[in-house]
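Below is structure.txt, which holds compact mmCIF, C-alpha atoms and all ligand atoms.
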```
# COMPACT_ATOMS: atom_id res chain seq x y z
CA MET A 1 -83.81 -87.34 14.37
CA ILE A 2 -83.28 -89.80 11.51
CA ILE A 3 -83.70 -93.41 12.62
CA LYS A 4 -82.05 -96.00 10.39
CA LYS A 5 -84.46 -98.69 9.27
CA LEU A 6 -83.55 -102.16 10.52
CA ALA A 7 -85.62 -105.34 10.29
CA PHE A 8 -85.39 -108.15 12.83
CA SER A 9 -87.29 -111.41 12.93
CA GLY A 10 -86.90 -114.93 14.26
CA VAL A 11 -88.11 -118.45 13.57
CA GLN A 12 -88.23 -121.21 16.17
CA PRO A 13 -86.31 -124.40 15.35
CA THR A 14 -89.17 -126.60 16.52
CA GLY A 15 -89.52 -128.83 13.45
CA ASN A 16 -90.11 -128.68 9.73
CA LEU A 17 -90.87 -125.21 8.42
CA HIS A 18 -94.22 -125.12 6.64
CA LEU A 19 -96.26 -123.16 4.14
CA GLY A 20 -97.53 -120.83 6.91
CA ASN A 21 -93.97 -119.87 7.89
CA TYR A 22 -93.10 -119.49 4.20
CA LEU A 23 -96.00 -117.26 3.14
CA GLY A 24 -96.50 -115.49 6.48
CA ALA A 25 -92.85 -114.73 7.23
CA LEU A 26 -89.99 -116.05 5.07
CA LYS A 27 -91.09 -114.53 1.76
CA ASN A 28 -91.35 -111.17 3.47
CA PHE A 29 -87.88 -111.65 5.03
CA VAL A 30 -86.42 -112.18 1.57
CA SER A 31 -87.99 -109.14 -0.08
CA LEU A 32 -87.01 -106.85 2.83
CA GLN A 33 -83.35 -107.63 2.16
CA ASN A 34 -83.49 -105.15 -0.72
CA GLU A 35 -85.11 -102.40 1.36
CA MET A 36 -83.19 -102.20 4.63
CA ASP A 37 -80.58 -103.86 6.86
CA CYS A 38 -81.96 -107.16 8.11
CA ILE A 39 -81.16 -109.49 10.98
CA TYR A 40 -82.72 -112.97 10.95
CA CYS A 41 -82.40 -115.25 13.90
CA VAL A 42 -83.01 -118.94 14.60
CA VAL A 43 -84.63 -118.47 18.00
CA ASP A 44 -83.44 -121.61 19.78
CA LEU A 45 -84.05 -120.15 23.27
CA HIS A 46 -87.72 -119.67 22.39
CA ALA A 47 -87.88 -123.27 21.18
CA ILE A 48 -86.84 -124.67 24.60
CA THR A 49 -89.79 -123.02 26.37
CA VAL A 50 -91.40 -126.34 25.41
CA PHE A 51 -89.17 -129.43 25.94
CA GLN A 52 -87.06 -130.29 22.87
CA LYS A 53 -84.94 -133.44 22.55
CA PRO A 54 -81.33 -132.07 22.51
CA SER A 55 -80.21 -133.93 19.36
CA GLU A 56 -83.39 -132.91 17.52
CA LEU A 57 -82.95 -129.29 18.56
CA THR A 58 -79.39 -129.20 17.18
CA ASN A 59 -80.60 -130.64 13.87
CA ASN A 60 -83.56 -128.27 13.75
CA VAL A 61 -81.30 -125.22 14.23
CA LEU A 62 -79.31 -126.28 11.16
CA GLU A 63 -82.44 -127.17 9.21
CA THR A 64 -84.05 -123.80 9.94
CA THR A 65 -80.81 -122.12 8.79
CA ALA A 66 -80.93 -124.21 5.60
CA SER A 67 -84.58 -123.17 5.11
CA PHE A 68 -83.60 -119.49 5.45
CA LEU A 69 -80.99 -119.90 2.73
CA ALA A 70 -83.16 -122.07 0.47
CA THR A 71 -85.95 -119.48 0.44
CA GLY A 72 -83.49 -116.76 -0.63
CA LEU A 73 -81.89 -115.18 2.43
CA LYS A 74 -78.32 -114.17 1.60
CA PRO A 75 -75.61 -114.03 4.30
CA GLU A 76 -73.93 -111.23 2.30
CA LYS A 77 -77.08 -109.14 2.70
CA SER A 78 -78.57 -110.22 6.03
CA ILE A 79 -77.14 -111.21 9.39
CA ILE A 80 -78.16 -114.83 9.99
CA PHE A 81 -77.39 -116.42 13.37
CA ASN A 82 -78.83 -118.41 16.27
CA GLN A 83 -80.14 -116.60 19.32
CA SER A 84 -78.31 -118.53 22.08
CA SER A 85 -74.91 -117.66 20.60
CA VAL A 86 -75.36 -113.94 21.39
CA ALA A 87 -75.52 -113.67 25.19
CA GLY A 88 -76.98 -110.16 25.00
CA HIS A 89 -80.45 -111.58 24.24
CA THR A 90 -80.74 -113.15 27.70
CA GLU A 91 -79.10 -110.24 29.51
CA LEU A 92 -81.50 -107.73 27.98
CA ALA A 93 -84.40 -110.15 28.52
CA TRP A 94 -83.67 -110.05 32.28
CA ILE A 95 -83.65 -106.25 32.30
CA LEU A 96 -86.92 -106.24 30.34
CA ASN A 97 -88.45 -108.82 32.71
CA CYS A 98 -88.11 -106.08 35.29
CA ILE A 99 -89.79 -103.49 33.02
CA SER A 100 -92.64 -105.65 31.70
CA ARG A 101 -95.75 -106.03 33.92
CA ILE A 102 -97.41 -109.28 35.01
CA GLY A 103 -100.78 -107.85 33.91
CA TRP A 104 -99.42 -107.36 30.38
CA LEU A 105 -98.21 -110.97 30.16
CA ASN A 106 -101.50 -112.26 31.56
CA ARG A 107 -103.21 -110.95 28.44
CA MET A 108 -101.05 -112.91 25.97
CA THR A 109 -103.33 -115.30 24.09
CA GLN A 110 -100.51 -117.47 22.69
CA PHE A 111 -99.52 -118.48 26.25
CA LYS A 112 -103.12 -119.47 26.93
CA ASP A 113 -103.23 -121.53 23.70
CA LYS A 114 -99.85 -123.21 24.16
CA ALA A 115 -100.12 -123.85 27.91
CA GLY A 116 -103.47 -125.60 27.41
CA SER A 117 -105.83 -126.36 30.27
CA ASP A 118 -103.16 -127.01 32.93
CA LYS A 119 -101.27 -123.70 33.09
CA GLU A 120 -99.59 -124.64 36.38
CA LYS A 121 -97.54 -127.19 34.46
CA ALA A 122 -96.32 -124.81 31.71
CA SER A 123 -92.71 -123.63 31.97
CA VAL A 124 -91.97 -120.18 33.37
CA GLY A 125 -90.05 -119.63 30.12
CA LEU A 126 -93.22 -120.09 28.07
CA TYR A 127 -94.95 -117.45 30.20
CA ILE A 128 -92.19 -114.82 29.88
CA TYR A 129 -91.38 -115.72 26.24
CA PRO A 130 -92.81 -112.38 24.96
CA ASN A 131 -90.27 -110.47 27.10
CA LEU A 132 -87.44 -112.42 25.45
CA MET A 133 -88.98 -111.62 22.07
CA ALA A 134 -88.96 -107.91 23.01
CA ALA A 135 -85.28 -108.27 23.97
CA ASP A 136 -84.49 -109.94 20.61
CA ILE A 137 -85.91 -106.93 18.78
CA LEU A 138 -84.77 -104.10 21.05
CA LEU A 139 -81.21 -105.45 21.43
CA TYR A 140 -80.62 -104.31 17.83
CA LYS A 141 -82.97 -101.30 18.07
CA ALA A 142 -84.92 -102.82 15.19
CA THR A 143 -87.56 -100.59 13.60
CA HIS A 144 -89.47 -103.22 11.59
CA VAL A 145 -90.49 -106.78 12.41
CA PRO A 146 -91.84 -109.01 9.61
CA VAL A 147 -94.14 -111.60 11.26
CA GLY A 148 -97.38 -113.52 10.77
CA ALA A 149 -100.57 -112.24 12.43
CA ASP A 150 -100.15 -114.65 15.36
CA GLN A 151 -97.25 -112.50 16.60
CA LYS A 152 -99.12 -109.17 16.49
CA GLN A 153 -99.95 -109.17 20.19
CA HIS A 154 -96.34 -109.95 21.16
CA LEU A 155 -95.18 -107.06 18.96
CA GLU A 156 -97.59 -104.72 20.73
CA LEU A 157 -96.09 -105.84 24.03
CA SER A 158 -92.58 -105.13 22.69
CA ARG A 159 -93.72 -101.59 21.88
CA ASP A 160 -95.19 -101.16 25.39
CA ILE A 161 -91.94 -102.39 26.95
CA ALA A 162 -89.83 -100.07 24.74
CA GLN A 163 -92.04 -97.13 25.65
CA LYS A 164 -91.89 -97.87 29.39
CA PHE A 165 -88.08 -98.26 29.27
CA ASN A 166 -87.73 -94.91 27.45
CA LYS A 167 -89.99 -93.27 30.04
CA ASP A 168 -88.55 -94.93 33.18
CA PHE A 169 -84.97 -94.07 32.21
CA ASN A 170 -85.83 -90.67 30.81
CA CYS A 171 -84.47 -91.38 27.34
CA GLU A 172 -87.19 -90.50 24.85
CA ASN A 173 -86.76 -92.31 21.50
CA PHE A 174 -83.87 -94.47 22.78
CA PHE A 175 -85.63 -97.65 21.75
CA PRO A 176 -87.58 -97.13 18.51
CA LEU A 177 -91.13 -98.52 18.72
CA PRO A 178 -90.88 -101.56 16.40
CA GLU A 179 -93.47 -101.76 13.63
CA PRO A 180 -95.00 -105.10 12.69
CA LEU A 181 -94.91 -105.93 8.97
CA ILE A 182 -97.75 -108.42 8.57
CA PRO A 183 -98.64 -109.62 5.06
CA LYS A 184 -102.25 -108.60 4.39
CA LYS A 185 -103.53 -111.59 2.45
CA VAL A 186 -101.64 -114.46 4.08
CA SER A 187 -101.18 -113.24 7.63
CA ARG A 188 -102.55 -116.52 9.01
CA ILE A 189 -102.49 -119.69 6.94
CA MET A 190 -104.82 -122.19 8.55
CA SER A 191 -104.48 -125.94 9.16
CA LEU A 192 -105.55 -128.11 6.20
CA ARG A 193 -107.62 -130.21 8.65
CA ASP A 194 -109.27 -127.48 10.73
CA GLY A 195 -109.94 -123.96 9.44
CA ALA A 196 -110.14 -122.64 13.00
CA LYS A 197 -106.51 -123.51 13.84
CA LYS A 198 -103.39 -121.97 12.30
CA MET A 199 -101.02 -124.19 10.35
CA SER A 200 -98.34 -125.10 12.88
CA LYS A 201 -95.16 -127.19 13.19
CA SER A 202 -96.26 -128.71 16.47
CA GLU A 203 -99.73 -129.84 15.30
CA GLU A 204 -99.78 -133.63 15.65
CA SER A 205 -101.17 -134.48 12.20
CA ASP A 206 -98.68 -134.01 9.36
CA TYR A 207 -101.74 -133.78 7.07
CA SER A 208 -102.53 -130.41 8.67
CA ARG A 209 -99.62 -128.70 6.93
CA ILE A 210 -97.46 -128.55 3.80
CA ASN A 211 -93.83 -128.81 4.91
CA LEU A 212 -91.17 -127.11 2.82
CA LYS A 213 -89.43 -130.51 2.53
CA ASP A 214 -92.53 -132.40 1.31
CA SER A 215 -92.23 -134.34 -1.94
CA ALA A 216 -94.57 -133.72 -4.89
CA ASP A 217 -96.53 -136.86 -3.92
CA GLU A 218 -96.92 -135.74 -0.33
CA ILE A 219 -98.13 -132.29 -1.38
CA LYS A 220 -100.65 -133.85 -3.77
CA LYS A 221 -101.96 -136.27 -1.13
CA LYS A 222 -102.24 -133.59 1.57
CA ILE A 223 -104.12 -131.19 -0.70
CA GLN A 224 -106.46 -133.98 -1.89
CA LYS A 225 -107.24 -134.86 1.76
CA ALA A 226 -107.56 -131.23 2.87
CA LYS A 227 -110.93 -130.33 4.37
CA SER A 228 -113.00 -128.19 1.97
CA ASP A 229 -116.78 -128.15 1.40
CA SER A 230 -119.46 -130.34 -0.17
CA GLU A 231 -121.10 -127.38 -1.98
CA PRO A 232 -119.49 -125.98 -5.17
CA ILE A 233 -117.18 -122.94 -4.84
CA PRO A 234 -119.35 -119.84 -4.18
CA ASP A 235 -118.82 -116.51 -5.94
CA ASP A 236 -120.13 -114.59 -2.93
CA SER A 237 -117.35 -113.57 -0.52
CA LYS A 238 -119.86 -113.43 2.38
CA ILE A 239 -120.65 -117.15 1.90
CA LEU A 240 -116.95 -117.95 1.52
CA LYS A 241 -116.14 -116.27 4.85
CA GLN A 242 -118.39 -118.80 6.58
CA LYS A 243 -116.35 -121.67 5.12
CA PRO A 244 -112.86 -121.21 6.65
CA GLU A 245 -111.27 -124.35 5.14
CA ALA A 246 -112.41 -123.44 1.62
CA LEU A 247 -111.34 -119.83 2.08
CA ASN A 248 -107.91 -121.02 3.26
CA LEU A 249 -107.35 -123.14 0.12
CA LEU A 250 -108.45 -120.30 -2.16
CA THR A 251 -106.26 -117.81 -0.29
CA ILE A 252 -103.19 -120.03 -0.68
CA TYR A 253 -103.98 -120.49 -4.38
CA SER A 254 -104.42 -116.75 -4.83
CA GLU A 255 -101.12 -115.97 -3.09
CA ILE A 256 -99.07 -118.51 -5.04
CA THR A 257 -100.56 -117.55 -8.43
CA LYS A 258 -100.34 -113.81 -7.53
CA LYS A 259 -103.97 -113.32 -8.61
CA SER A 260 -106.45 -111.56 -6.34
CA LEU A 261 -108.88 -113.63 -4.28
CA ALA A 262 -111.79 -111.96 -6.13
CA GLN A 263 -110.36 -113.01 -9.49
CA ILE A 264 -109.76 -116.59 -8.31
CA THR A 265 -113.27 -116.97 -6.88
CA SER A 266 -114.92 -115.58 -9.98
CA GLU A 267 -112.83 -117.94 -12.17
CA MET A 268 -113.66 -120.95 -9.98
CA ALA A 269 -117.25 -120.14 -8.95
CA GLY A 270 -119.60 -123.10 -9.44
CA LYS A 271 -116.76 -125.63 -9.79
CA LYS A 272 -116.14 -128.47 -7.34
CA TYR A 273 -113.30 -128.25 -4.82
CA SER A 274 -111.58 -131.19 -6.53
CA TYR A 275 -110.90 -128.81 -9.44
CA LEU A 276 -109.33 -126.20 -7.13
CA LYS A 277 -107.32 -128.90 -5.34
CA GLU A 278 -105.86 -130.23 -8.59
CA ASN A 279 -104.74 -126.75 -9.61
CA LEU A 280 -103.54 -125.86 -6.14
CA ALA A 281 -101.42 -129.01 -5.81
CA GLU A 282 -99.82 -128.25 -9.17
CA VAL A 283 -98.77 -124.66 -8.31
CA LEU A 284 -97.65 -125.66 -4.82
CA ILE A 285 -95.47 -128.45 -6.17
CA GLU A 286 -93.89 -125.98 -8.57
CA GLU A 287 -93.23 -123.42 -5.82
CA ILE A 288 -92.31 -125.60 -2.85
CA THR A 289 -90.42 -128.64 -4.13
CA PRO A 290 -87.40 -126.65 -5.43
CA VAL A 291 -87.13 -125.08 -1.94
CA GLY A 292 -87.28 -128.55 -0.35
CA LYS A 293 -84.59 -129.89 -2.68
CA GLU A 294 -82.34 -126.93 -1.85
CA ILE A 295 -82.85 -127.55 1.90
CA GLN A 296 -81.82 -131.22 1.45
CA LYS A 297 -78.76 -130.15 -0.54
CA LEU A 298 -77.69 -127.58 2.06
CA LEU A 299 -78.15 -130.10 4.88
CA LYS A 300 -75.48 -132.31 3.34
CA ASP A 301 -72.84 -129.74 4.34
CA LYS A 302 -73.46 -129.00 8.01
CA SER A 303 -70.10 -127.30 8.54
CA HIS A 304 -71.07 -124.73 5.87
CA LEU A 305 -74.31 -124.02 7.78
CA LYS A 306 -72.41 -123.75 11.08
CA ASN A 307 -69.96 -121.32 9.44
CA ILE A 308 -72.80 -119.10 8.29
CA LEU A 309 -74.21 -119.02 11.84
CA GLU A 310 -70.76 -118.28 13.32
CA ASN A 311 -70.15 -115.38 10.94
CA GLY A 312 -73.63 -114.02 11.64
CA THR A 313 -73.04 -114.35 15.40
CA GLU A 314 -69.87 -112.27 15.15
CA LYS A 315 -71.68 -109.47 13.33
CA ALA A 316 -74.75 -109.58 15.58
CA ASN A 317 -72.59 -109.57 18.72
CA ILE A 318 -70.87 -106.32 17.72
CA ILE A 319 -74.21 -104.48 17.42
CA ALA A 320 -75.60 -106.15 20.55
CA GLU A 321 -72.60 -105.25 22.72
CA GLU A 322 -72.57 -101.63 21.51
CA ASN A 323 -76.24 -101.23 22.41
CA LEU A 324 -75.97 -103.17 25.67
CA LYS A 325 -73.15 -100.94 26.89
CA ILE A 326 -75.49 -97.94 26.68
CA ILE A 327 -78.46 -99.89 28.09
CA ARG A 328 -76.39 -100.94 31.15
CA GLU A 329 -75.38 -97.30 31.72
CA LYS A 330 -78.98 -96.12 31.43
CA VAL A 331 -80.13 -98.70 34.00
CA GLY A 332 -77.19 -97.83 36.30
CA LEU A 333 -75.40 -101.14 36.10
CA ILE A 334 -71.59 -100.95 36.34
N1 LIG B 1 -99.90 -120.48 9.99
C1 LIG B 1 -99.18 -119.39 9.83
N2 LIG B 1 -99.56 -118.43 8.96
C2 LIG B 1 -98.81 -117.31 8.78
N3 LIG B 1 -97.65 -117.08 9.44
C3 LIG B 1 -97.22 -118.02 10.31
N4 LIG B 1 -96.15 -118.10 11.11
C4 LIG B 1 -96.19 -119.26 11.81
N5 LIG B 1 -97.28 -119.95 11.48
C5 LIG B 1 -97.95 -119.22 10.56
C6 LIG B 1 -95.10 -117.08 11.18
O1 LIG B 1 -93.85 -117.70 10.96
C7 LIG B 1 -92.85 -117.05 11.75
C8 LIG B 1 -92.08 -118.06 12.52
O2 LIG B 1 -92.93 -118.67 13.47
P1 LIG B 1 -92.31 -119.60 14.59
O3 LIG B 1 -91.98 -120.89 14.02
O4 LIG B 1 -91.20 -118.91 15.26
O5 LIG B 1 -93.42 -119.71 15.69
P2 LIG B 1 -94.93 -120.03 15.61
O6 LIG B 1 -95.69 -118.84 15.15
O7 LIG B 1 -95.30 -120.55 16.96
O8 LIG B 1 -95.02 -121.14 14.49
P3 LIG B 1 -95.54 -122.61 14.59
O9 LIG B 1 -95.37 -123.27 13.29
O10 LIG B 1 -96.93 -122.62 15.15
O11 LIG B 1 -94.53 -123.27 15.58
P4 LIG B 1 -94.83 -124.10 16.88
O12 LIG B 1 -95.79 -125.16 16.46
O13 LIG B 1 -93.50 -124.64 17.31
O14 LIG B 1 -95.42 -123.14 17.87
C9 LIG B 1 -93.57 -116.05 12.65
O15 LIG B 1 -93.44 -114.76 12.10
C10 LIG B 1 -95.00 -116.49 12.60
O16 LIG B 1 -95.90 -115.41 12.77
```

Would you mind writing the file out in structure tokens?
Amino acid sequence: MIIKKLAFSGVQPTGNLHLGNYLGALKNFVSLQNEMDCIYCVVDLHAITVFQKPSELTNNVLETTASFLATGLKPEKSIIFNQSSVAGHTELAWILNCISRIGWLNRMTQFKDKAGSDKEKASVGLYIYPNLMAADILLYKATHVPVGADQKQHLELSRDIAQKFNKDFNCENFFPLPEPLIPKKVSRIMSLRDGAKKMSKSEESDYSRINLKDSADEIKKKIQKAKSDSEPIPDDSKILKQKPEALNLLTIYSEITKKSLAQITSEMAGKKYSYLKENLAEVLIEEITPVGKEIQKLLKDKSHLKNILENGTEKANIIAEENLKIIREKVGLI
């Protein structure tokens, strides 16, 4: 049986998109457009698993859409829409809630991280979020999912759920087992303040991340203040691995300049981090500020952004309804 390749991925509208989202996900989204059909979703229902101010959420949905377009997603090539506008996501999520096992969800590390020490106070939505993510992917029978490394475990759960559905309803290969597409070098960009934490929208300190909308001055300041190391840059990769903040800066530099990490470290070995930071700020400003300017420009015409989402919703809904009709039959729902 020939299965048509289809990519699906989502981004939460929880604030400014940052360099981690850009290198770990968005750049991959853009290049996949030339390889297969793609569906990209602003996952607003995932965002509300943690309280969002309603007016901020609305703005963030449009800003995430603008960020998709500014980084190179094309509505003529990819379906771009927001999750809550296609009701099939929540319907399938309910069905999958009944397939997924509590023991599987108990193993999800992102819930443990996000819920913090008082899990009793976390929303039920946050706990079952990975089932909704499985529904997002399986609703379109997606075969490939471009994501950062932090989503790997959720993707594995989606595969387990797909497999159990196929087995329970005796329909081998009905849901393809979605493959994660995780960029090797930049699968997890770390915080500029703490090399043990990933760069994140919800991290309190804005100095922990480079936002796509940051000005040249802000980028420069954040890179200058980024945690590095008091020793000069080592040429030994074993030493570098023990210095996560320094490794993070060199990895970002290597990705943006498209040179290998080995080449960068041998060029910079023995130099102070201030030298790397100067060069890094320069290449980041060149790469990121045009994206930020394009986001600002697109945000001036909100009705254009809403139109793009509406058109995408129409297209996504057709595929979702076709698939859901069969899913309902398989489950025995009339
Ligand atoms: N630091 C990162 N490095 C590499 N990839 C990353 N991604 C996120 N952070 C990094 C990838 O970006 C895509 C969209 O992520 P998301 O915004 O939907 O959710 P998230 O992973 O929870 O991102 P944040 O920034 O940490 O958001 P908040 O703070 O709201 O939870 C995903 O493919 C993700 O892997």

Compute the set of protein, DNA and RNA residues whose minimum atom distance to ligand LIG 1 (chain B) is at most 8 Å, using all atoms listed in the file, and state it as a PyMOL selection string. chain A and resi 9-15+17-26+43+46-47+114+146-152+186-191+198-203

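With all atoms listed in the file as the atoms that count, the minimum distance from Gly195 of chain A to the choices A:Lys241, A:Lys277, A:Lys167, A:Lys258 is reached by A:Lys241.
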
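Nearest to Phe174 of chain A of all the residues A:Gln33, A:Ser230, A:Thr143, A:Asn131 is A:Thr143, based on only C-alpha atoms.
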
If I put a ball of radius 12 Å at (-84.1, -113.0, 14.1) in the file's coordinates, which residues poke into it when counting all atoms listed in the file, written as a ChimeraX atom specification? /A:6-13,25-26,29,38-46,64-65,68,78-84,86,89,132-140,142,144-147,309,312-313,316

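Note that the spacing between atom CA of Asp168 of chain A and atom CA of Lys315 of chain A amounts to 29.8 Å.
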
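If you look at atom CA of Ala216 of chain A and atom CA of Lys243 of chain A, they are 26.8 Å away from each other.
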
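Among the candidates A:Pro232, A:Leu280, A:Asn317, A:Asn16, the residue lying nearest to Ala66 of chain A is A:Asn16 (atoms considered: all atoms listed in the file).
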
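The closest residue to Lys221 of chain A, picked from A:Leu333, A:Glu282, A:Gln263, A:Leu69 and counting all atoms listed in the file, is A:Glu282.
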